[in-house]
file structure34.pdb (PDB, C-alpha atoms and all ligand atoms)
ATOM      1  CA  MET A   1       0.000   0.000   0.000
ATOM      2  CA  THR A   2       1.226   3.509  -0.761
ATOM      3  CA  ALA A   3      -0.152   6.288   1.408
ATOM      4  CA  LYS A   4      -2.262   9.179   0.169
ATOM      5  CA  ILE A   5      -0.150  12.345   0.374
ATOM      6  CA  ILE A   6      -1.607  15.566   1.809
ATOM      7  CA  ASP A   7      -0.159  18.312  -0.389
ATOM      8  CA  GLY A   8       0.524  21.274   1.925
ATOM      9  CA  ASN A   9       1.372  23.570  -0.990
ATOM     10  CA  ALA A  10      -1.933  22.907  -2.769
ATOM     11  CA  LEU A  11      -4.002  23.288   0.410
ATOM     12  CA  SER A  12      -2.073  26.478   1.280
ATOM     13  CA  ALA A  13      -2.776  27.959  -2.140
ATOM     14  CA  GLU A  14      -6.494  27.258  -1.693
ATOM     15  CA  VAL A  15      -6.670  28.743   1.827
ATOM     16  CA  ARG A  16      -4.472  31.739   0.923
ATOM     17  CA  GLY A  17      -6.825  32.487  -1.988
ATOM     18  CA  GLN A  18      -9.737  32.658   0.475
ATOM     19  CA  LEU A  19      -7.692  34.858   2.827
ATOM     20  CA  ALA A  20      -6.756  37.242  -0.011
ATOM     21  CA  GLU A  21     -10.488  37.683  -0.759
ATOM     22  CA  ARG A  22     -11.189  38.511   2.903
ATOM     23  CA  ALA A  23      -8.220  40.934   2.972
ATOM     24  CA  ALA A  24      -9.596  42.656  -0.143
ATOM     25  CA  ALA A  25     -13.016  42.989   1.547
ATOM     26  CA  LEU A  26     -11.363  44.618   4.585
ATOM     27  CA  LYS A  27      -9.511  47.033   2.338
ATOM     28  CA  THR A  28     -12.859  48.453   1.188
ATOM     29  CA  LYS A  29     -13.402  49.444   4.841
ATOM     30  CA  GLY A  30     -10.016  51.170   4.892
ATOM     31  CA  ILE A  31      -8.240  48.419   6.871
ATOM     32  CA  ILE A  32      -5.122  46.702   5.553
ATOM     33  CA  PRO A  33      -4.145  43.727   7.767
ATOM     34  CA  CYS A  34      -0.588  44.237   8.998
ATOM     35  CA  LEU A  35       1.864  41.793  10.572
ATOM     36  CA  ALA A  36       5.005  43.007  12.383
ATOM     37  CA  ALA A  37       7.803  40.431  12.592
ATOM     38  CA  ILE A  38      10.777  40.788  14.925
ATOM     39  CA  LEU A  39      13.959  38.845  14.289
ATOM     40  CA  VAL A  40      16.907  38.954  16.683
ATOM     41  CA  GLY A  41      20.239  37.461  15.659
ATOM     42  CA  GLU A  42      21.609  35.696  12.613
ATOM     43  CA  ASP A  43      20.156  32.183  12.852
ATOM     44  CA  PRO A  44      19.904  31.304   9.136
ATOM     45  CA  ALA A  45      16.792  29.121   9.489
ATOM     46  CA  SER A  46      14.965  31.871  11.441
ATOM     47  CA  ALA A  47      15.963  34.444   8.807
ATOM     48  CA  VAL A  48      14.442  32.243   6.067
ATOM     49  CA  TYR A  49      11.231  31.683   8.080
ATOM     50  CA  VAL A  50      10.751  35.407   8.692
ATOM     51  CA  ARG A  51      11.497  36.256   5.052
ATOM     52  CA  ASN A  52       8.886  33.692   3.926
ATOM     53  CA  LYS A  53       6.292  34.997   6.411
ATOM     54  CA  VAL A  54       6.748  38.608   5.285
ATOM     55  CA  ALA A  55       6.657  37.649   1.575
ATOM     56  CA  ALA A  56       3.456  35.611   2.119
ATOM     57  CA  CYS A  57       1.779  38.661   3.709
ATOM     58  CA  GLU A  58       2.536  40.878   0.741
ATOM     59  CA  LYS A  59       1.251  38.226  -1.687
ATOM     60  CA  ALA A  60      -2.043  37.925   0.197
ATOM     61  CA  GLY A  61      -2.652  41.690   0.068
ATOM     62  CA  MET A  62      -1.537  42.296   3.651
ATOM     63  CA  ARG A  63       1.072  44.720   4.940
ATOM     64  CA  SER A  64       4.139  43.673   6.885
ATOM     65  CA  ILE A  65       6.863  45.259   8.976
ATOM     66  CA  LYS A  66      10.157  43.465   9.549
ATOM     67  CA  ASP A  67      12.513  44.557  12.328
ATOM     68  CA  VAL A  68      15.900  42.850  12.448
ATOM     69  CA  TYR A  69      18.250  43.276  15.429
ATOM     70  CA  ALA A  70      21.836  42.156  16.011
ATOM     71  CA  ALA A  71      22.236  39.104  18.281
ATOM     72  CA  ASP A  72      23.851  41.244  21.032
ATOM     73  CA  ILE A  73      21.110  43.912  21.135
ATOM     74  CA  ASP A  74      20.018  45.170  24.562
ATOM     75  CA  PRO A  75      16.639  43.447  25.276
ATOM     76  CA  ALA A  76      15.301  46.849  26.428
ATOM     77  CA  VAL A  77      15.384  48.011  22.788
ATOM     78  CA  VAL A  78      13.201  45.065  21.727
ATOM     79  CA  PHE A  79      10.780  45.563  24.640
ATOM     80  CA  ALA A  80      10.450  49.254  23.676
ATOM     81  CA  ARG A  81       9.742  48.329  20.042
ATOM     82  CA  ILE A  82       7.090  45.778  21.074
ATOM     83  CA  ALA A  83       5.407  48.432  23.247
ATOM     84  CA  GLU A  84       5.362  50.780  20.243
ATOM     85  CA  LEU A  85       3.829  48.086  17.991
ATOM     86  CA  ASN A  86       1.273  47.191  20.696
ATOM     87  CA  ALA A  87       0.134  50.838  20.709
ATOM     88  CA  ASP A  88       0.017  51.236  16.906
ATOM     89  CA  PRO A  89      -3.576  50.732  15.672
ATOM     90  CA  SER A  90      -2.386  50.035  12.102
ATOM     91  CA  VAL A  91      -0.545  46.901  13.312
ATOM     92  CA  HIS A  92      -2.810  43.878  13.864
ATOM     93  CA  GLY A  93      -0.362  41.033  14.491
ATOM     94  CA  ILE A  94       3.053  40.870  16.198
ATOM     95  CA  LEU A  95       5.413  37.941  15.933
ATOM     96  CA  VAL A  96       8.754  37.479  17.700
ATOM     97  CA  GLN A  97      10.704  34.762  15.918
ATOM     98  CA  LEU A  98      12.055  32.062  18.259
ATOM     99  CA  PRO A  99      14.576  31.086  19.436
ATOM    100  CA  LEU A 100      15.852  34.353  20.930
ATOM    101  CA  PRO A 101      19.526  34.775  21.959
ATOM    102  CA  LYS A 102      20.422  33.358  25.398
ATOM    103  CA  HIS A 103      20.585  36.748  27.171
ATOM    104  CA  PHE A 104      16.862  37.261  26.475
ATOM    105  CA  ASP A 105      14.115  36.147  28.868
ATOM    106  CA  SER A 106      11.986  34.641  26.083
ATOM    107  CA  GLU A 107       8.950  34.175  28.299
ATOM    108  CA  ALA A 108       8.991  37.849  29.311
ATOM    109  CA  VAL A 109       9.261  38.889  25.656
ATOM    110  CA  LEU A 110       6.271  36.739  24.644
ATOM    111  CA  GLU A 111       4.248  38.098  27.586
ATOM    112  CA  SER A 112       5.025  41.677  26.486
ATOM    113  CA  VAL A 113       3.136  41.224  23.210
ATOM    114  CA  SER A 114      -0.466  42.400  23.506
ATOM    115  CA  PRO A 115      -2.692  39.266  23.691
ATOM    116  CA  GLU A 116      -4.987  40.878  21.062
ATOM    117  CA  LYS A 117      -2.046  41.000  18.601
ATOM    118  CA  ASP A 118      -0.384  37.702  19.598
ATOM    119  CA  VAL A 119      -0.933  35.921  16.257
ATOM    120  CA  ASP A 120       1.448  33.089  17.283
ATOM    121  CA  GLY A 121      -0.829  32.296  20.247
ATOM    122  CA  PHE A 122       2.145  32.114  22.634
ATOM    123  CA  HIS A 123       0.997  34.619  25.308
ATOM    124  CA  ALA A 124      -0.100  32.918  28.565
ATOM    125  CA  GLU A 125      -3.574  34.440  28.201
ATOM    126  CA  ASN A 126      -3.970  32.824  24.774
ATOM    127  CA  VAL A 127      -2.457  29.525  25.936
ATOM    128  CA  GLY A 128      -4.993  29.528  28.786
ATOM    129  CA  ALA A 129      -7.875  30.309  26.420
ATOM    130  CA  LEU A 130      -6.883  27.358  24.207
ATOM    131  CA  MET A 131      -6.652  25.096  27.245
ATOM    132  CA  GLN A 132     -10.158  26.158  28.315
ATOM    133  CA  GLY A 133     -11.505  25.365  24.849
ATOM    134  CA  ASN A 134     -12.145  28.989  23.790
ATOM    135  CA  PRO A 135      -9.089  29.819  21.690
ATOM    136  CA  ARG A 136      -8.496  33.403  20.552
ATOM    137  CA  PHE A 137      -5.394  32.635  18.450
ATOM    138  CA  ILE A 138      -4.454  29.029  17.723
ATOM    139  CA  PRO A 139      -0.669  28.487  17.359
ATOM    140  CA  CYS A 140       0.023  28.357  13.627
ATOM    141  CA  THR A 141       1.622  24.919  13.200
ATOM    142  CA  PRO A 142      -1.024  22.904  15.111
ATOM    143  CA  TYR A 143      -3.715  25.040  13.431
ATOM    144  CA  GLY A 144      -2.273  24.079  10.037
ATOM    145  CA  VAL A 145      -2.211  20.399  11.016
ATOM    146  CA  MET A 146      -5.913  20.562  11.973
ATOM    147  CA  LYS A 147      -6.706  22.048   8.539
ATOM    148  CA  MET A 148      -4.748  19.243   6.862
ATOM    149  CA  LEU A 149      -6.604  16.541   8.826
ATOM    150  CA  GLU A 150      -9.896  18.200   7.924
ATOM    151  CA  SER A 151      -9.013  18.441   4.223
ATOM    152  CA  ALA A 152      -8.103  14.729   4.126
ATOM    153  CA  HIS A 153     -11.337  13.822   5.994
ATOM    154  CA  VAL A 154      -9.390  11.967   8.694
ATOM    155  CA  PRO A 155     -11.872  10.744  11.349
ATOM    156  CA  LEU A 156     -11.074  12.344  14.718
ATOM    157  CA  LYS A 157     -13.781  11.317  17.172
ATOM    158  CA  GLY A 158     -12.400   8.546  19.402
ATOM    159  CA  ALA A 159      -9.165   8.262  17.348
ATOM    160  CA  GLU A 160      -5.964   7.181  19.121
ATOM    161  CA  VAL A 161      -3.510  10.062  18.647
ATOM    162  CA  VAL A 162       0.158   9.873  19.562
ATOM    163  CA  ILE A 163       2.163  13.104  19.489
ATOM    164  CA  VAL A 164       5.941  12.773  19.685
ATOM    165  CA  GLY A 165       7.285  16.030  21.140
ATOM    166  CA  ARG A 166       6.063  18.163  24.055
ATOM    167  CA  SER A 167       6.991  21.684  22.961
ATOM    168  CA  ASN A 168       4.908  24.753  23.777
ATOM    169  CA  ILE A 169       4.868  25.623  20.057
ATOM    170  CA  VAL A 170       3.607  22.295  18.681
ATOM    171  CA  GLY A 171       3.182  19.269  20.977
ATOM    172  CA  LYS A 172       1.138  20.795  23.808
ATOM    173  CA  PRO A 173      -1.267  22.954  21.723
ATOM    174  CA  MET A 174      -1.666  20.069  19.236
ATOM    175  CA  ALA A 175      -2.808  17.850  22.106
ATOM    176  CA  MET A 176      -5.383  20.449  23.241
ATOM    177  CA  LEU A 177      -6.859  20.844  19.741
ATOM    178  CA  LEU A 178      -7.179  17.089  19.180
ATOM    179  CA  LEU A 179      -8.588  16.550  22.666
ATOM    180  CA  ALA A 180     -11.241  19.160  21.847
ATOM    181  CA  LYS A 181     -12.158  16.990  18.827
ATOM    182  CA  SER A 182     -12.642  13.972  21.145
ATOM    183  CA  CYS A 183      -9.423  12.138  20.254
ATOM    184  CA  THR A 184      -7.626  10.027  22.868
ATOM    185  CA  VAL A 185      -4.252  11.762  23.095
ATOM    186  CA  THR A 186      -0.855  10.495  24.245
ATOM    187  CA  ILE A 187       2.173  12.806  24.305
ATOM    188  CA  CYS A 188       5.560  11.092  24.053
ATOM    189  CA  HIS A 189       8.936  12.762  24.552
ATOM    190  CA  SER A 190      12.656  12.091  24.891
ATOM    191  CA  GLN A 191      12.202  10.240  28.216
ATOM    192  CA  SER A 192       9.323   8.017  27.047
ATOM    193  CA  LYS A 193      10.010   4.313  27.451
ATOM    194  CA  ASP A 194       9.509   2.155  24.346
ATOM    195  CA  LEU A 195       8.453   4.878  21.923
ATOM    196  CA  ALA A 196       7.538   2.346  19.214
ATOM    197  CA  PHE A 197       5.014   0.677  21.566
ATOM    198  CA  HIS A 198       3.112   3.976  21.639
ATOM    199  CA  THR A 199       3.535   4.985  17.990
ATOM    200  CA  ARG A 200       2.319   1.564  16.741
ATOM    201  CA  ARG A 201      -1.013   2.133  18.537
ATOM    202  CA  ALA A 202      -1.657   5.462  16.830
ATOM    203  CA  ASP A 203      -4.448   6.038  14.324
ATOM    204  CA  ILE A 204      -2.933   9.513  13.963
ATOM    205  CA  LEU A 205       0.776   9.996  14.607
ATOM    206  CA  VAL A 206       2.203  13.528  14.873
ATOM    207  CA  ALA A 207       6.003  13.755  14.807
ATOM    208  CA  ALA A 208       7.368  17.013  16.232
ATOM    209  CA  VAL A 209      10.734  16.232  17.774
ATOM    210  CA  GLY A 210      13.322  17.781  15.472
ATOM    211  CA  ARG A 211      15.299  14.576  14.806
ATOM    212  CA  ALA A 212      15.812  13.615  11.182
ATOM    213  CA  ARG A 213      13.891  10.527  10.017
ATOM    214  CA  MET A 214      13.549   9.049  13.536
ATOM    215  CA  ILE A 215      10.053   7.630  12.883
ATOM    216  CA  THR A 216      10.462   4.653  10.575
ATOM    217  CA  GLY A 217       7.852   2.515   8.812
ATOM    218  CA  ASP A 218       8.083  -0.302  11.389
ATOM    219  CA  MET A 219       6.909   2.160  14.094
ATOM    220  CA  ILE A 220       3.655   2.939  12.249
ATOM    221  CA  LYS A 221       0.300   1.140  12.409
ATOM    222  CA  PRO A 222      -0.818   0.044   8.916
ATOM    223  CA  GLY A 223      -3.261   2.602   7.494
ATOM    224  CA  ALA A 224      -2.434   5.301  10.084
ATOM    225  CA  THR A 225      -2.340   9.023   9.341
ATOM    226  CA  VAL A 226       1.201  10.354   9.765
ATOM    227  CA  ILE A 227       1.807  14.090  10.192
ATOM    228  CA  ASP A 228       5.431  15.196   9.949
ATOM    229  CA  VAL A 229       6.119  18.553  11.618
ATOM    230  CA  GLY A 230       9.930  18.218  11.525
ATOM    231  CA  ILE A 231      12.186  20.361   9.354
ATOM    232  CA  ASN A 232      15.726  18.991   9.502
ATOM    233  CA  ARG A 233      18.741  18.890   7.238
ATOM    234  CA  THR A 234      20.544  15.683   6.303
ATOM    235  CA  PRO A 235      24.368  15.693   6.453
ATOM    236  CA  GLU A 236      24.198  16.316   2.656
ATOM    237  CA  GLY A 237      22.149  19.486   3.300
ATOM    238  CA  LYS A 238      18.828  18.071   2.031
ATOM    239  CA  LEU A 239      15.585  19.024   3.838
ATOM    240  CA  CYS A 240      13.885  16.127   5.613
ATOM    241  CA  GLY A 241      11.287  15.581   8.303
ATOM    242  CA  ASP A 242      11.161  13.621  11.563
ATOM    243  CA  VAL A 243       9.590  10.753   9.602
ATOM    244  CA  ASP A 244      11.493   8.447   7.271
ATOM    245  CA  PHE A 245       9.157   9.149   4.351
ATOM    246  CA  GLU A 246      10.286   6.280   2.108
ATOM    247  CA  SER A 247       9.541   3.510   4.629
ATOM    248  CA  ALA A 248       6.568   5.293   6.246
ATOM    249  CA  LYS A 249       4.623   5.836   3.018
ATOM    250  CA  GLU A 250       4.514   2.053   2.441
ATOM    251  CA  VAL A 251       2.691   1.519   5.763
ATOM    252  CA  ALA A 252       0.666   4.697   6.423
ATOM    253  CA  GLY A 253      -2.759   5.390   4.927
ATOM    254  CA  VAL A 254      -2.243   9.161   4.775
ATOM    255  CA  ILE A 255       1.027  11.072   5.129
ATOM    256  CA  THR A 256       2.422  14.624   4.872
ATOM    257  CA  PRO A 257       5.710  15.192   3.005
ATOM    258  CA  VAL A 258       8.690  17.402   3.919
ATOM    259  CA  PRO A 259       9.124  19.813   2.250
ATOM    260  CA  GLY A 260       5.664  20.770   0.968
ATOM    261  CA  GLY A 261       3.619  19.520   3.927
ATOM    262  CA  VAL A 262       3.079  21.212   7.283
ATOM    263  CA  GLY A 263       5.627  24.036   6.598
ATOM    264  CA  PRO A 264       3.547  26.035   4.097
ATOM    265  CA  MET A 265       0.427  25.522   6.227
ATOM    266  CA  THR A 266       2.150  27.108   9.254
ATOM    267  CA  ILE A 267       2.670  30.326   7.296
ATOM    268  CA  THR A 268      -0.862  30.170   5.896
ATOM    269  CA  MET A 269      -2.376  29.989   9.392
ATOM    270  CA  LEU A 270      -0.201  32.924  10.501
ATOM    271  CA  LEU A 271      -1.842  34.924   7.712
ATOM    272  CA  ALA A 272      -5.247  33.629   8.853
ATOM    273  CA  ASN A 273      -4.590  34.763  12.436
ATOM    274  CA  THR A 274      -3.371  38.194  11.285
ATOM    275  CA  LEU A 275      -6.458  38.643   9.112
ATOM    276  CA  GLU A 276      -8.678  37.504  11.980
ATOM    277  CA  ALA A 277      -7.037  40.097  14.258
ATOM    278  CA  ALA A 278      -7.661  42.813  11.677
ATOM    279  CA  GLU A 279     -11.291  41.721  11.174
ATOM    280  CA  ARG A 280     -11.870  41.971  14.921
ATOM    281  CA  CYS A 281     -10.712  45.620  14.712
ATOM    282  CA  ALA A 282     -13.298  46.257  11.989
ATOM    283  CA  THR A 283     -16.281  45.122  14.058
TER     284      THR A 283
HETATM  285  N1  LIG B 301      10.202  29.288  15.785
HETATM  286  C1  LIG B 301       9.853  28.067  15.341
HETATM  287  N2  LIG B 301       8.525  28.025  15.076
HETATM  288  C2  LIG B 301       8.040  29.247  15.351
HETATM  289  C3  LIG B 301       6.729  29.814  15.278
HETATM  290  O1  LIG B 301       5.739  29.180  14.902
HETATM  291  N3  LIG B 301       6.644  31.121  15.658
HETATM  292  C4  LIG B 301       7.714  31.833  16.096
HETATM  293  N4  LIG B 301       7.518  33.091  16.447
HETATM  294  N5  LIG B 301       8.923  31.333  16.178
HETATM  295  C5  LIG B 301       9.087  30.036  15.808
END

call {"tool": "encode", "arguments": {"input": "structure34.pdb", "output": "structure tokens", "more": "lines below"}}
Ligand code: GUN
result
Amino acid sequence: MTAKIIDGNALSAEVRGQLAERAAALKTKGIIPCLAAILVGEDPASAVYVRNKVAACEKAGMRSIKDVYAADIDPAVVFARIAELNADPSVHGILVQLPLPKHFDSEAVLESVSPEKDVDGFHAENVGALMQGNPRFIPCTPYGVMKMLESAHVPLKGAEVVIVGRSNIVGKPMAMLLLAKSCTVTICHSQSKDLAFHTRRADILVAAVGRARMITGDMIKPGATVIDVGINRTPEGKLCGDVDFESAKEVAGVITPVPGGVGPMTITMLLANTLEAAERCAT
């Protein structure tokens, strides 16, 4: 059996088309959705992510602001800039690209973003709202995964879900969203005993660990849905996920590729959150 592939580029194009229409409708009311992105330091992967996010905004008819700071910048400068963006009514979404340099208190930076403009959904107020089942902004990667599951008509009610990875950005919010859809959710992590025992039980397996090709076909239940959130580089410099695609696609029923899977959907849902923030200003 060869798995059905969920094409993240195709789904992104469809959703971004719908978002561009909504952005155009807002423009007639004199509102242009605007995302401000803050990048600190020279991490090459972060620089590419921010460049892609800003470019996607422009393409969808939204405005963007990009502030880049040297790695050794005084955090006070960044806090002052966030306060300015919080107070600017023409800015609807604010994103601080992670990771931040070590001398930053990342938690304090995320808490300094106004919860109404926190389009990443990382502020404690928004994390709490998601946990209570009334999300204001859903973190972009898990939001994108939910859209992909929906587009592939993957049954959720009562499904056994195993998430590998317990990060605040992916693993934990992913668990909350799937729990809200009545899945039975297990979160595995680096200290889990017998990882394969868990993964082989999963109807839906979400890999979000950041280790190249660590989930192999023999760890997957035949017919399962496999969602690969990882973006890693092989020693040869090739992009690959946390799932060994070649062996996994022979066992899974549905699978997402890397590249061209979850990655483009993450950016698409950032645009969706920014637009949503702007629409709230219009009402
Ligand atoms: N670093 C890795 N993923 C993300 C993300 O979704 N948002 C931000 N701000 N930083 C990240």

call {"tool": "atom_distance", "arguments": {"input": "structure34.pdb", "atom1": "CA of Gly128 (chain A)", "atom2": "CA of Val50 (chain A)"}}
result
26.2 Å

call {"tool": "atom_distance", "arguments": {"input": "structure34.pdb", "atom1": "atom C2 of ligand LIG 301 (chain B)", "atom2": "CA of Pro101 (chain A)"}}
result
14.4 Å

call {"tool": "residues_around", "arguments": {"input": "structure34.pdb", "residues": "Met131 (chain A)", "least_positions_apart": "6", "cutoff": "12 Å", "atoms": "all atoms listed in the file", "output": "list in words"}}
result
Gly121, Ala124, Glu125, Phe137, Ile138, Lys172, Pro173, Met174, Ala175, Met176, Leu177, Leu178, Leu179 and Ala180 of chain A

call {"tool": "write_last_selection", "arguments": {"input": "structure34.pdb", "atoms": "C-alpha atoms", "output": "PDB file, keeping the file's coordinate frame"}}
result
ATOM      1  CA  GLY A 121      -0.829  32.296  20.247  1.00  0.00           C
ATOM      2  CA  ALA A 124      -0.100  32.918  28.565  1.00  0.00           C
ATOM      3  CA  GLU A 125      -3.574  34.440  28.201  1.00  0.00           C
ATOM      4  CA  PHE A 137      -5.394  32.635  18.450  1.00  0.00           C
ATOM      5  CA  ILE A 138      -4.454  29.029  17.723  1.00  0.00           C
ATOM      6  CA  LYS A 172       1.138  20.795  23.808  1.00  0.00           C
ATOM      7  CA  PRO A 173      -1.267  22.954  21.723  1.00  0.00           C
ATOM      8  CA  MET A 174      -1.666  20.069  19.236  1.00  0.00           C
ATOM      9  CA  ALA A 175      -2.808  17.850  22.106  1.00  0.00           C
ATOM     10  CA  MET A 176      -5.383  20.449  23.241  1.00  0.00           C
ATOM     11  CA  LEU A 177      -6.859  20.844  19.741  1.00  0.00           C
ATOM     12  CA  LEU A 178      -7.179  17.089  19.180  1.00  0.00           C
ATOM     13  CA  LEU A 179      -8.588  16.550  22.666  1.00  0.00           C
ATOM     14  CA  ALA A 180     -11.241  19.160  21.847  1.00  0.00           C
TER      15      ALA A 180
END

call {"tool": "resolve_selection", "arguments": {"input": "structure34.pdb", "expression": "the PyMOL selection byres (((not hetatm)) within 6 of (chain B and resi 301))", "output": "ChimeraX atom specification"}}
result
/A:95-99,120,140

call {"tool": "write_last_selection", "arguments": {"input": "structure34.pdb", "atoms": "C-alpha atoms", "output": "compact mmCIF listing (two decimals), in the coordinates of the input"}}
result
# COMPACT_ATOMS: atom_id res chain seq x y z
CA LEU A 95 5.41 37.94 15.93
CA VAL A 96 8.75 37.48 17.70
CA GLN A 97 10.70 34.76 15.92
CA LEU A 98 12.06 32.06 18.26
CA PRO A 99 14.58 31.09 19.44
CA ASP A 120 1.45 33.09 17.28
CA CYS A 140 0.02 28.36 13.63

call {"tool": "resolve_selection", "arguments": {"input": "structure34.pdb", "expression": "the PyMOL selection byres (((chain A and resi 211) around 10) and not hetatm)", "output": "PyMOL selection string"}}
result
chain A and resi 207-210+212-215+230-233+240-243

call {"tool": "write_last_selection", "arguments": {"input": "structure34.pdb", "atoms": "C-alpha atoms", "output": "PDB file, in the coordinates of the input"}}
result
ATOM      1  CA  ALA A 207       6.003  13.755  14.807  1.00  0.00           C
ATOM      2  CA  ALA A 208       7.368  17.013  16.232  1.00  0.00           C
ATOM      3  CA  VAL A 209      10.734  16.232  17.774  1.00  0.00           C
ATOM      4  CA  GLY A 210      13.322  17.781  15.472  1.00  0.00           C
ATOM      5  CA  ALA A 212      15.812  13.615  11.182  1.00  0.00           C
ATOM      6  CA  ARG A 213      13.891  10.527  10.017  1.00  0.00           C
ATOM      7  CA  MET A 214      13.549   9.049  13.536  1.00  0.00           C
ATOM      8  CA  ILE A 215      10.053   7.630  12.883  1.00  0.00           C
ATOM      9  CA  GLY A 230       9.930  18.218  11.525  1.00  0.00           C
ATOM     10  CA  ILE A 231      12.186  20.361   9.354  1.00  0.00           C
ATOM     11  CA  ASN A 232      15.726  18.991   9.502  1.00  0.00           C
ATOM     12  CA  ARG A 233      18.741  18.890   7.238  1.00  0.00           C
ATOM     13  CA  CYS A 240      13.885  16.127   5.613  1.00  0.00           C
ATOM     14  CA  GLY A 241      11.287  15.581   8.303  1.00  0.00           C
ATOM     15  CA  ASP A 242      11.161  13.621  11.563  1.00  0.00           C
ATOM     16  CA  VAL A 243       9.590  10.753   9.602  1.00  0.00           C
TER      17      VAL A 243
END

call {"tool": "axis_aligned_box", "arguments": {"input": "structure34.pdb", "around": "region 265-270 of chain A", "padding_each_side": "5 Å", "output": "lines of an AutoDock Vina configuration file"}}
result
center_x = 0.1
center_y = 29.2
center_z = 8.2
size_x = 15.0
size_y = 17.4
size_z = 14.6

call {"tool": "atom_distance", "arguments": {"input": "structure34.pdb", "atom1": "CA of Asp203 (chain A)", "atom2": "CA of Val162 (chain A)"}}
result
8.0 Å

call {"tool": "resolve_selection", "arguments": {"input": "structure34.pdb", "expression": "the PyMOL selection byres (((chain A and resi 77-85) around 10) and not hetatm)", "output": "PyMOL selection string"}}
result
chain A and resi 35-36+38-40+65+67-69+73-76+86-96+104+108-110+112-114+117

call {"tool": "closest_residue", "arguments": {"input": "structure34.pdb", "among": "A:Ile227, A:Ala196, A:Ala60, A:Ile163", "to": "Asp7 (chain A)", "atoms": "all atoms listed in the file"}}
result
A:Ile227

call {"tool": "residues_around", "arguments": {"input": "structure34.pdb", "residues": "region 26-33 of chain A", "least_positions_apart": "2", "cutoff": "7 Å", "atoms": "all atoms listed in the file", "output": "PyMOL selection string"}}
result
chain A and resi 22-24+35+62-63+92+274-275+278

call {"tool": "closest_residue", "arguments": {"input": "structure34.pdb", "among": "A:Val161, A:Leu205, A:Met265, A:Cys34", "to": "Asn52 (chain A)", "atoms": "all atoms listed in the file"}}
result
A:Met265

call {"tool": "residues_around", "arguments": {"input": "structure34.pdb", "residues": "Ala56 (chain A)", "least_positions_apart": "5", "cutoff": "8 Å", "atoms": "all atoms listed in the file", "output": "ChimeraX atom specification"}}
result
/A:267-268,271

call {"tool": "closest_residue", "arguments": {"input": "structure34.pdb", "among": "A:His123, A:Arg201, A:Arg136, A:His103", "to": "Ala159 (chain A)", "atoms": "all atoms listed in the file"}}
result
A:Arg201

call {"tool": "closest_residue", "arguments": {"input": "structure34.pdb", "among": "A:Cys57, A:Leu130, A:Ala3, A:Val258", "to": "Leu270 (chain A)", "atoms": "only C-alpha atoms"}}
result
A:Cys57

call {"tool": "closest_residue", "arguments": {"input": "structure34.pdb", "among": "A:Val127, A:Glu21, A:Asp194, A:Asp72", "to": "Met219 (chain A)", "atoms": "only C-alpha atoms"}}
result
A:Asp194

call {"tool": "decode", "arguments": {"input": "structure34.pdb", "residues": "region 89-100 of chain A", "atoms": "N, CA and C atoms", "output": "mmCIF file, in the first residue's frame"}}
result
data_model
loop_
_atom_site.group_PDB
_atom_site.id
_atom_site.type_symbol
_atom_site.label_atom_id
_atom_site.label_comp_id
_atom_site.auth_asym_id
_atom_site.auth_seq_id
_atom_site.Cartn_x
_atom_site.Cartn_y
_atom_site.Cartn_z
ATOM 1 N N PRO A 89 -2.322 51.344 16.135
ATOM 2 C CA PRO A 89 -3.576 50.732 15.672
ATOM 3 C C PRO A 89 -3.508 50.191 14.244
ATOM 4 N N SER A 90 -2.483 50.564 13.471
ATOM 5 C CA SER A 90 -2.386 50.035 12.102
ATOM 6 C C SER A 90 -1.704 48.666 12.066
ATOM 7 N N VAL A 91 -1.179 48.228 13.216
ATOM 8 C CA VAL A 91 -0.545 46.901 13.312
ATOM 9 C C VAL A 91 -1.515 45.947 13.993
ATOM 10 N N HIS A 92 -1.818 44.816 13.315
ATOM 11 C CA HIS A 92 -2.810 43.878 13.864
ATOM 12 C C HIS A 92 -2.186 42.625 14.474
ATOM 13 N N GLY A 93 -1.026 42.231 13.972
ATOM 14 C CA GLY A 93 -0.362 41.033 14.491
ATOM 15 C C GLY A 93 1.102 41.309 14.767
ATOM 16 N N ILE A 94 1.624 40.726 15.860
ATOM 17 C CA ILE A 94 3.053 40.870 16.198
ATOM 18 C C ILE A 94 3.628 39.477 16.433
ATOM 19 N N LEU A 95 4.775 39.253 15.813
ATOM 20 C CA LEU A 95 5.413 37.941 15.933
ATOM 21 C C LEU A 95 6.873 38.131 16.311
ATOM 22 N N VAL A 96 7.330 37.459 17.344
ATOM 23 C CA VAL A 96 8.754 37.479 17.700
ATOM 24 C C VAL A 96 9.306 36.101 17.341
ATOM 25 N N GLN A 97 10.201 36.065 16.369
ATOM 26 C CA GLN A 97 10.704 34.762 15.918
ATOM 27 C C GLN A 97 11.553 34.114 17.014
ATOM 28 N N LEU A 98 11.304 32.844 17.272
ATOM 29 C CA LEU A 98 12.055 32.062 18.259
ATOM 30 C C LEU A 98 13.003 31.112 17.527
ATOM 31 N N PRO A 99 14.119 30.724 18.094
ATOM 32 C CA PRO A 99 14.576 31.086 19.436
ATOM 33 C C PRO A 99 15.209 32.471 19.482
ATOM 34 N N LEU A 100 15.159 33.091 20.690
ATOM 35 C CA LEU A 100 15.852 34.353 20.930
ATOM 36 C C LEU A 100 17.241 34.049 21.494
#
